[in-house]
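Each remark here refers to the structure printed beneath this line.
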Amino acid sequence: MTFSGLLGTMLGRDGAFAPRIFIEEARKVKEVILTPEGYKKLKEEIEHLQNDKRREVAERIRVARQFGDIAENSEYDDAKNDQALLEHRIAILEEKLAHARVITKKDIEKDVVSVGSHVKLRDVSAKETVEYHIVGSAEANPAEYKLSNESPVGKAIMGKKKGETVEVQTPRGKALKYKILDIKAA
């Protein structure tokens, strides 16, 4: 492609500098896989932010305006920044909710590891056993033993059966082996 052709691709009809590739990528939104519990928590968080937090921030802005000139009012600036962060968080959560696919019990396969499964794994070298609930990346929380299907271990065990052993490359390059001891639907 010539430079003028590339430039033509990068300039929109209105002359704005926006590569069409980036615009198309922005339109491709990743599906968010959620358990019913995760979907409920997401809706509750959105409601809390939209109702309680918005009121709190609006009140802070109202009070800060009473301090006088808003051009030199740090309380007002802080409240407006918090408002922007809050609205951004709400938009992100609403986007997740709009693209959510809720996994139901009928979606969970009983004989292979899938999102929604409870999986008991044994670290072959450390001889330790741990049980994980396999969830989508939006719900992952290792402290609660909720393992993302997109994590290295999650990817390795997806679709595997009880009794199979998998090898997982960690980000640091170390290989770990896990044996699948049990699979249960959540």
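For the structure tokens, the naming scheme is as follows: chains receive sequential letters (A, B, ...) according to their order of presentation, residues are indexed from 1 within each chain, and ligands are indexed from 1 in presentation order.
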Strand (DSSP E) call set, DSSP backbone run, region 95-140 of chain A, as an MDAnalysis selection string: chainID A and resid 100:102 117:123 128:135
Keeping only N, CA, C and O atoms, write the selected residues as a PDB file, in the first residue's frame.
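Below is the file that was written, again28.pdb:
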ATOM      1  N   ALA A 100     -22.740 -10.058  28.475  1.00  0.00           N
ATOM      2  CA  ALA A 100     -22.615 -11.219  29.359  1.00  0.00           C
ATOM      3  C   ALA A 100     -23.367 -12.422  28.804  1.00  0.00           C
ATOM      4  O   ALA A 100     -24.430 -12.290  28.204  1.00  0.00           O
ATOM      5  N   ARG A 101     -22.751 -13.565  29.019  1.00  0.00           N
ATOM      6  CA  ARG A 101     -23.416 -14.845  28.742  1.00  0.00           C
ATOM      7  C   ARG A 101     -23.400 -15.598  30.052  1.00  0.00           C
ATOM      8  O   ARG A 101     -22.341 -15.903  30.603  1.00  0.00           O
ATOM      9  N   VAL A 102     -24.576 -15.858  30.586  1.00  0.00           N
ATOM     10  CA  VAL A 102     -24.693 -16.519  31.876  1.00  0.00           C
ATOM     11  C   VAL A 102     -24.702 -18.025  31.661  1.00  0.00           C
ATOM     12  O   VAL A 102     -25.480 -18.551  30.871  1.00  0.00           O
ATOM     13  N   SER A 117     -17.709 -25.505  36.333  1.00  0.00           N
ATOM     14  CA  SER A 117     -17.319 -26.740  37.022  1.00  0.00           C
ATOM     15  C   SER A 117     -16.573 -26.442  38.313  1.00  0.00           C
ATOM     16  O   SER A 117     -15.883 -25.434  38.434  1.00  0.00           O
ATOM     17  N   HIS A 118     -16.717 -27.351  39.266  1.00  0.00           N
ATOM     18  CA  HIS A 118     -15.854 -27.384  40.442  1.00  0.00           C
ATOM     19  C   HIS A 118     -14.865 -28.512  40.170  1.00  0.00           C
ATOM     20  O   HIS A 118     -15.272 -29.638  39.892  1.00  0.00           O
ATOM     21  N   VAL A 119     -13.581 -28.200  40.229  1.00  0.00           N
ATOM     22  CA  VAL A 119     -12.547 -29.159  39.853  1.00  0.00           C
ATOM     23  C   VAL A 119     -11.580 -29.349  41.008  1.00  0.00           C
ATOM     24  O   VAL A 119     -11.067 -28.375  41.568  1.00  0.00           O
ATOM     25  N   LYS A 120     -11.336 -30.612  41.354  1.00  0.00           N
ATOM     26  CA  LYS A 120     -10.331 -30.926  42.370  1.00  0.00           C
ATOM     27  C   LYS A 120      -9.062 -31.340  41.646  1.00  0.00           C
ATOM     28  O   LYS A 120      -9.073 -32.276  40.844  1.00  0.00           O
ATOM     29  N   LEU A 121      -7.975 -30.589  41.907  1.00  0.00           N
ATOM     30  CA  LEU A 121      -6.688 -30.840  41.249  1.00  0.00           C
ATOM     31  C   LEU A 121      -5.645 -31.244  42.284  1.00  0.00           C
ATOM     32  O   LEU A 121      -5.673 -30.778  43.419  1.00  0.00           O
ATOM     33  N   ARG A 122      -4.713 -32.080  41.834  1.00  0.00           N
ATOM     34  CA  ARG A 122      -3.580 -32.455  42.689  1.00  0.00           C
ATOM     35  C   ARG A 122      -2.305 -32.025  41.983  1.00  0.00           C
ATOM     36  O   ARG A 122      -2.047 -32.433  40.854  1.00  0.00           O
ATOM     37  N   ASP A 123      -1.525 -31.182  42.662  1.00  0.00           N
ATOM     38  CA  ASP A 123      -0.214 -30.778  42.157  1.00  0.00           C
ATOM     39  C   ASP A 123       0.670 -32.005  42.304  1.00  0.00           C
ATOM     40  O   ASP A 123       0.956 -32.445  43.419  1.00  0.00           O
ATOM     41  N   GLU A 128      -0.057 -31.621  46.701  1.00  0.00           N
ATOM     42  CA  GLU A 128      -1.095 -30.842  47.362  1.00  0.00           C
ATOM     43  C   GLU A 128      -2.360 -30.886  46.516  1.00  0.00           C
ATOM     44  O   GLU A 128      -2.300 -30.890  45.297  1.00  0.00           O
ATOM     45  N   THR A 129      -3.499 -30.904  47.204  1.00  0.00           N
ATOM     46  CA  THR A 129      -4.781 -30.943  46.520  1.00  0.00           C
ATOM     47  C   THR A 129      -5.510 -29.617  46.749  1.00  0.00           C
ATOM     48  O   THR A 129      -5.504 -29.093  47.859  1.00  0.00           O
ATOM     49  N   VAL A 130      -6.124 -29.108  45.691  1.00  0.00           N
ATOM     50  CA  VAL A 130      -6.880 -27.860  45.784  1.00  0.00           C
ATOM     51  C   VAL A 130      -8.125 -27.988  44.908  1.00  0.00           C
ATOM     52  O   VAL A 130      -8.113 -28.696  43.901  1.00  0.00           O
ATOM     53  N   GLU A 131      -9.205 -27.324  45.329  1.00  0.00           N
ATOM     54  CA  GLU A 131     -10.435 -27.356  44.546  1.00  0.00           C
ATOM     55  C   GLU A 131     -10.734 -25.947  44.052  1.00  0.00           C
ATOM     56  O   GLU A 131     -10.703 -24.987  44.814  1.00  0.00           O
ATOM     57  N   TYR A 132     -11.005 -25.822  42.749  1.00  0.00           N
ATOM     58  CA  TYR A 132     -11.308 -24.540  42.128  1.00  0.00           C
ATOM     59  C   TYR A 132     -12.695 -24.566  41.512  1.00  0.00           C
ATOM     60  O   TYR A 132     -13.172 -25.597  41.053  1.00  0.00           O
ATOM     61  N   HIS A 133     -13.304 -23.384  41.488  1.00  0.00           N
ATOM     62  CA  HIS A 133     -14.529 -23.178  40.724  1.00  0.00           C
ATOM     63  C   HIS A 133     -14.083 -22.473  39.451  1.00  0.00           C
ATOM     64  O   HIS A 133     -13.489 -21.397  39.512  1.00  0.00           O
ATOM     65  N   ILE A 134     -14.327 -23.059  38.290  1.00  0.00           N
ATOM     66  CA  ILE A 134     -13.909 -22.472  37.021  1.00  0.00           C
ATOM     67  C   ILE A 134     -14.949 -21.435  36.606  1.00  0.00           C
ATOM     68  O   ILE A 134     -16.134 -21.749  36.481  1.00  0.00           O
ATOM     69  N   VAL A 135     -14.488 -20.190  36.426  1.00  0.00           N
ATOM     70  CA  VAL A 135     -15.368 -19.076  36.091  1.00  0.00           C
ATOM     71  C   VAL A 135     -14.776 -18.304  34.914  1.00  0.00           C
ATOM     72  O   VAL A 135     -13.640 -18.534  34.519  1.00  0.00           O
TER      73      VAL A 135
END
Considering only C-alpha atoms, return as a PDB file with N, CA, C and O atoms, in the first residue's frame whatever protein or nucleic-acid residues lie within 7 Å of Gly159 (chain A), sequence-local ones (same chain, fewer than 2 positions apart) excluded.
ATOM      1  N   VAL A 112     -16.415 -33.369  31.710  1.00  0.00           N
ATOM      2  CA  VAL A 112     -15.218 -32.629  31.322  1.00  0.00           C
ATOM      3  C   VAL A 112     -15.224 -31.265  32.017  1.00  0.00           C
ATOM      4  O   VAL A 112     -16.277 -30.755  32.392  1.00  0.00           O
ATOM      5  N   VAL A 113     -14.056 -30.684  32.159  1.00  0.00           N
ATOM      6  CA  VAL A 113     -13.932 -29.377  32.804  1.00  0.00           C
ATOM      7  C   VAL A 113     -14.472 -28.300  31.863  1.00  0.00           C
ATOM      8  O   VAL A 113     -14.108 -28.246  30.690  1.00  0.00           O
ATOM      9  N   SER A 114     -15.366 -27.468  32.384  1.00  0.00           N
ATOM     10  CA  SER A 114     -15.917 -26.350  31.629  1.00  0.00           C
ATOM     11  C   SER A 114     -16.192 -25.203  32.601  1.00  0.00           C
ATOM     12  O   SER A 114     -16.093 -25.390  33.822  1.00  0.00           O
ATOM     13  N   ILE A 157      -6.759 -27.080  31.701  1.00  0.00           N
ATOM     14  CA  ILE A 157      -7.696 -28.111  32.155  1.00  0.00           C
ATOM     15  C   ILE A 157      -9.043 -28.077  31.438  1.00  0.00           C
ATOM     16  O   ILE A 157      -9.806 -29.045  31.515  1.00  0.00           O
ATOM     17  N   LYS A 161     -10.766 -34.546  31.186  1.00  0.00           N
ATOM     18  CA  LYS A 161     -11.609 -35.444  31.975  1.00  0.00           C
ATOM     19  C   LYS A 161     -10.937 -35.835  33.277  1.00  0.00           C
ATOM     20  O   LYS A 161      -9.722 -35.686  33.436  1.00  0.00           O
TER      21      LYS A 161
END
Which of A:Lys96, A:Lys110, A:Arg62, A:Lys162 sits closest to Leu181 (chain A) [using only C-alpha atoms]: A:Lys162
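Distance annotation: of A:Asn81, A:Ser137, A:Thr35, A:Asn73, the residue with the minimal separation from Val57 (chain A) is A:Asn81; atom set is only C-alpha atoms.
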Coordinates-based distance that separates CA of Asp69 (chain A) from CA of Arg54 (chain A) (Å, one decimal): 23.1 Å
I'd like the interatomic distance between CA of Ala64 (chain A) and CA of Gln83 (chain A), to a tenth of an Å.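 So the two atoms, CA of Ala64 (chain A) and CA of Gln83 (chain A), lie 13.0 Å apart.
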Selection: 12 Å around Glu87 (chain A), only C-alpha atoms, excl. self and same-chain fewer than 4 positions, as a PyMOL selection string: chain A and resi 46+49-51+53-54+57-58+80-83+91-94
Mind pulling up the distance from CA of Pro152 (chain A) to CA of Thr170 (chain A)? 6.8 Å
If you run DSSP on this backbone, which residues of region 25-172 of chain A come out as alpha helix (DSSP H), and could you give them as a PyMOL selection string? chain A and resi 25-27+36-48+54-65+74-98+152-157
Considering only C-alpha atoms, state which residue in the set A:Ile33, A:Ile70, A:Lys155, A:Glu56 is at the smallest distance from Ala98 (chain A).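 Using only C-alpha atoms, Ala98 (chain A) sits closest to A:Ile33.
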One residue among A:Lys179, A:Asn141, A:Asp111, A:Ile103 is nearest to Glu167 (chain A) when using only C-alpha atoms, and that residue is A:Lys179
